[in-house]
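S.K.: First the structure, which I've put down as structure tokens, then a few questions once you've had a look.
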Amino acid sequence: MRPYALPAIRYMLVLFLISSLIGCDAFVRKFTRKSKTGDMSTEQMVLEPEIYKPPVMTKEEAYRQYFLFWKSWQDELISSLTTGASRKKQMSCTDEALKNLNGLREALQPEAQKKLDVYIGQMKELGQEISRDTYGGNSSRNRVAAESIRRGIMRDFSYNKIKDRLI
């Protein structure tokens with residue numbers, strides 16, 4: 001045996017004896033199995049969900065909000081068609097823009113609804129074109145169509161031009 005190994009062995013033996021004599025109560029408690037009986041028989045608390053009322057918005061505020069959301073999603077669609085983002089992203093943008101256009105439609109009088117239905121139909125066709133365009137070969141054509149729809153809606157359905165035709 002090497003001469004420097006003997007003190008190391010003694011040192012290890014002393015540490016082992018000290019740790020075994022002192023013990024580690026917290027360590028033992030941590031790994032001791034606890035019985036599962038006890039608090040299980042108490043009543044369980046049942047929480048009732050609280051229903052919050054949405055803020056009351058006027059037709060004008062609702063129209064402006066839907067218009068703002070539509071504009072954001074339409075811009076996001078145009079951006080995704082420009083950068084060549086995934087088809088899933090493009091379809092999601094199209095669906096959200098359509099959802100907000102339908103919200104706009106509900107706030108309009110019937111003659112304005114008919115005019116907006118033309119743009120909603122164009123958006124649906126654009127969504128179908130994007131879903132068919134698996135490899136993104138028609139992205140530029142779809143982007144031009146999306147920009148055209150955006151310009152038309154901005155021109156015909158901005159709040160200042162349509163405020164007299166709200167329900």
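Naming works like this for the structure tokens: A, B, ... for the chains as they're shown, residue 1 at the start of each chain, ligands 1 onward in shown order.
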Each residue of region 111-158 of chain A lying at most 8 Å from region 71-81 of chain A should get a row with its shortest atom-to-atom pair and the distance in Å to one decimal, counting only C-alpha atoms; could you produce that, ordered by chain and increasing number, as JSON lines?
M.R.:
```
{"residue": "A:Ser139", "atom": "CA", "partner": "A:Leu81", "partner_atom": "CA", "distance": 5.6}
{"residue": "A:Ser140", "atom": "CA", "partner": "A:Leu81", "partner_atom": "CA", "distance": 7.0}
{"residue": "A:Asn142", "atom": "CA", "partner": "A:Leu81", "partner_atom": "CA", "distance": 7.2}
{"residue": "A:Arg143", "atom": "CA", "partner": "A:Leu81", "partner_atom": "CA", "distance": 5.6}
{"residue": "A:Ala146", "atom": "CA", "partner": "A:Ile78", "partner_atom": "CA", "distance": 6.3}
{"residue": "A:Glu147", "atom": "CA", "partner": "A:Ile78", "partner_atom": "CA", "distance": 6.8}
{"residue": "A:Arg150", "atom": "CA", "partner": "A:Gln74", "partner_atom": "CA", "distance": 6.9}
```
S.K.: Within 8 Å of Ile149 (chain A), counting only C-alpha atoms, which residues qualify if same-chain residues fewer than 6 places away don't, as a list in words?
M.R.: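 Here the qualifying residues turn out to be Tyr119, Gln122 and Met123 of chain A.
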S.K.: Report as a list in words all protein, DNA and RNA residues lying within 12 Å of Asp133 (chain A), evaluated on only C-alpha atoms, omitting residues in the same chain fewer than 3 positions from it.
M.R.: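 The contact residues come out as Leu81, Gly84, Ser86, Arg87, Lys88, Gln90, Met91, Leu126, Gly127, Gln128, Glu129, Ile130, Gly136, Gly137, Asn138, Ser139, Ser140, Arg141 and Asn142 of chain A.
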S.K.: So, counting only C-alpha atoms, which residue among A:Val46, A:Leu108, A:Lys59, A:Lys99 is closest to Phe157 (chain A)?
M.R.: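 Residue with the minimum atom-to-atom distance to Phe157 (chain A): A:Leu108.
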S.K.: In Å, with one decimal, what is the gap from CA of Ile167 (chain A) to CA of Pro110 (chain A)?
M.R.: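 Here the two named atoms are 9.0 Å from each other.
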S.K.: Separation of CA of Ala62 (chain A) and CA of Ser148 (chain A), in Å?
M.R.: 24.5 Å
S.K.: Please compute the CA of Ile120 (chain A)-CA of Asn102 (chain A) distance, one decimal, in Å.
M.R.: 7.8 Å
S.K.: List every residue of region 22-150 of chain A that DSSP, applied to the backbone of this structure, assigns to alpha helix (DSSP H), and report them as a count of residues only.
M.R.: 87
